[in-house]
Amino acid sequence: MMFLPLKLMLGRIDRYGTDSDAELFTELLYAGEFIVKMTTAAFVSGIEDDHENHRYRLLHSLVRADGLGDWVQSLDEALIGPASQHISSELIGVKKVFTERLGTGNWQHETVHDLYEVLVAIHDSTQPIGDKVALRTWFHKFAELRNKTRGHGALTPALRAKLVSKLNSSIRLLYANNPIFELPWAYLHRNLSGKYKVVQLAGDPAPFEKLKSAVSTTGENYADGIYVWVGEYKRAELIYTDLDVSDFYLPNGTFRNGAYELHSLITDSRLRGDAAPYMVAVGERPPSETEGKGELEVLGNAFTNLPCTTSGYVQRPRLEEEVREALTNDRHPIVTLVGRGGIGKTSIALSILHEITQTNRYDVISRLLRSRYEHRERVYQRQYY
């Protein structure tokens, strides 16, 4: 199926871009901005957790970005910068489509070349693109086009009419072939029963089918939002929609007073986004995949803010049994795991606590959050009624 946000964006072009070539040119500029932001949001969501917090650093930057150039820079970091080393393995082939340099006869070259011809007609000093180009060049050229057609650089209706065909060709090519829009996408909303309402947005629906069944009630609790399947569910947290899934919003700068603007390029509507998840300075964010979540969620039979179990966990059945017995015994109100750093104390505790959520032993299991002023050691707090 066609990527739903893309279908809605094309619908806008069909509604508002038919009166004149000048109007179509304007609508195509909105469509190009949509491509830049949606593509960047998808790649950023696919960056795995790492000790340098590359994904958070890019999210932190993008909710504060006031210009399209900042989005292109973040996309470059995800494609060829330090963050690219942590991209999901399922996205490596997709990344290659954007980074491989190709010549005439390839759609990537054609879409970049068409956009380049538009730029040259506006400013003949535009830097040449060469015989072979990478698709990521298109994003740089489009940001350049947006900058040169704003304010005093606005084009005359006659020039827009002259260039609209090439711009239309470039954007339609990228819309039709962008592999990001072909991945499995869905909007998830978890009901009180623990099952999910799943609205398919694009691609193969199979990866999301199990979330509709009773099996999902004992699995990971995914926050409401848009997810892309790249071997696992990755939340595209920069893209906002609601239960109706009738409109899609992306950050649009004006970051202040704990909020930022969310703008729909489809309907031109605006909302205020909550900046709370992005208030911690990049250098102060704890570099740990075991940090507790910010709110309690239902997991199995308990309310909890436990993070997911750590990747690469090595099972130790005998030790796990000892920890399980200690954590479920009322005679031990405080349980301390002792060992040198990195030996796996936190990982084994998380594994056992996830098991316990599937029992009726405790109503609440919470992971104490660490503030920027607290000591780096973490403590588990068991709460029950």
# chains A, B, ... in the order shown; residues from 1 in each chain; ligands from 1
call {"tool": "select_by_dssp", "arguments": {"residues": "stretch 2-141 of chain A", "states": "alpha helix (DSSP H)", "output": "VMD selection string"}}
result
chain A and resid 4 to 16 21 to 45 54 to 62 68 to 79 92 to 99 107 to 122 136 to 141
call {"tool": "residues_around", "arguments": {"residues": "A:Tyr240", "least_positions_apart": "5", "cutoff": "8 Å", "atoms": "only C-alpha atoms", "output": "ChimeraX atom specification"}}
result
/A:225-226,248-250
call {"tool": "atom_distance", "arguments": {"atom1": "atom CA of A:Leu163", "atom2": "atom CA of A:Thr126"}}
result
15.5 Å
call {"tool": "closest_residue", "arguments": {"among": "A:Met38, A:Leu299, A:Ile122, A:Val338", "to": "A:Gln358", "atoms": "only C-alpha atoms"}}
result
A:Leu299
call {"tool": "select_by_dssp", "arguments": {"residues": "stretch 169-381 of chain A", "states": "strand (DSSP E or B)", "output": "PyMOL selection string"}}
result
chain A and resi 185-190+196-202+225-229+233-235+240+249-251+256+259-263+270-274+297-299+302-304+364-367+380-381
call {"tool": "decode", "arguments": {"residues": "stretch 181-200 of chain A", "atoms": "C-alpha atoms", "output": "CSV table (one decimal), in the first residue's frame"}}
result
chain,number,residue,atom,x,y,z
A,181,PHE,CA,8.2,4.8,2.2
A,182,GLU,CA,8.1,1.2,1.3
A,183,LEU,CA,9.0,-0.2,4.8
A,184,PRO,CA,6.3,-1.5,7.1
A,185,TRP,CA,4.8,1.4,9.0
A,186,ALA,CA,1.9,1.5,11.4
A,187,TYR,CA,0.3,3.6,14.1
A,188,LEU,CA,-0.1,1.8,17.4
A,189,HIS,CA,-2.5,2.6,20.2
A,190,ARG,CA,-2.7,0.2,23.2
A,191,ASN,CA,-6.2,-0.4,24.6
A,192,LEU,CA,-7.0,-1.1,28.2
A,193,SER,CA,-7.2,-4.8,27.4
A,194,GLY,CA,-3.6,-4.8,26.4
A,195,LYS,CA,-4.2,-5.4,22.8
A,196,TYR,CA,-3.3,-2.8,20.2
A,197,LYS,CA,-5.2,-0.8,17.7
A,198,VAL,CA,-3.0,-1.1,14.6
A,199,VAL,CA,-3.5,1.2,11.7
A,200,GLN,CA,-1.3,0.2,8.8
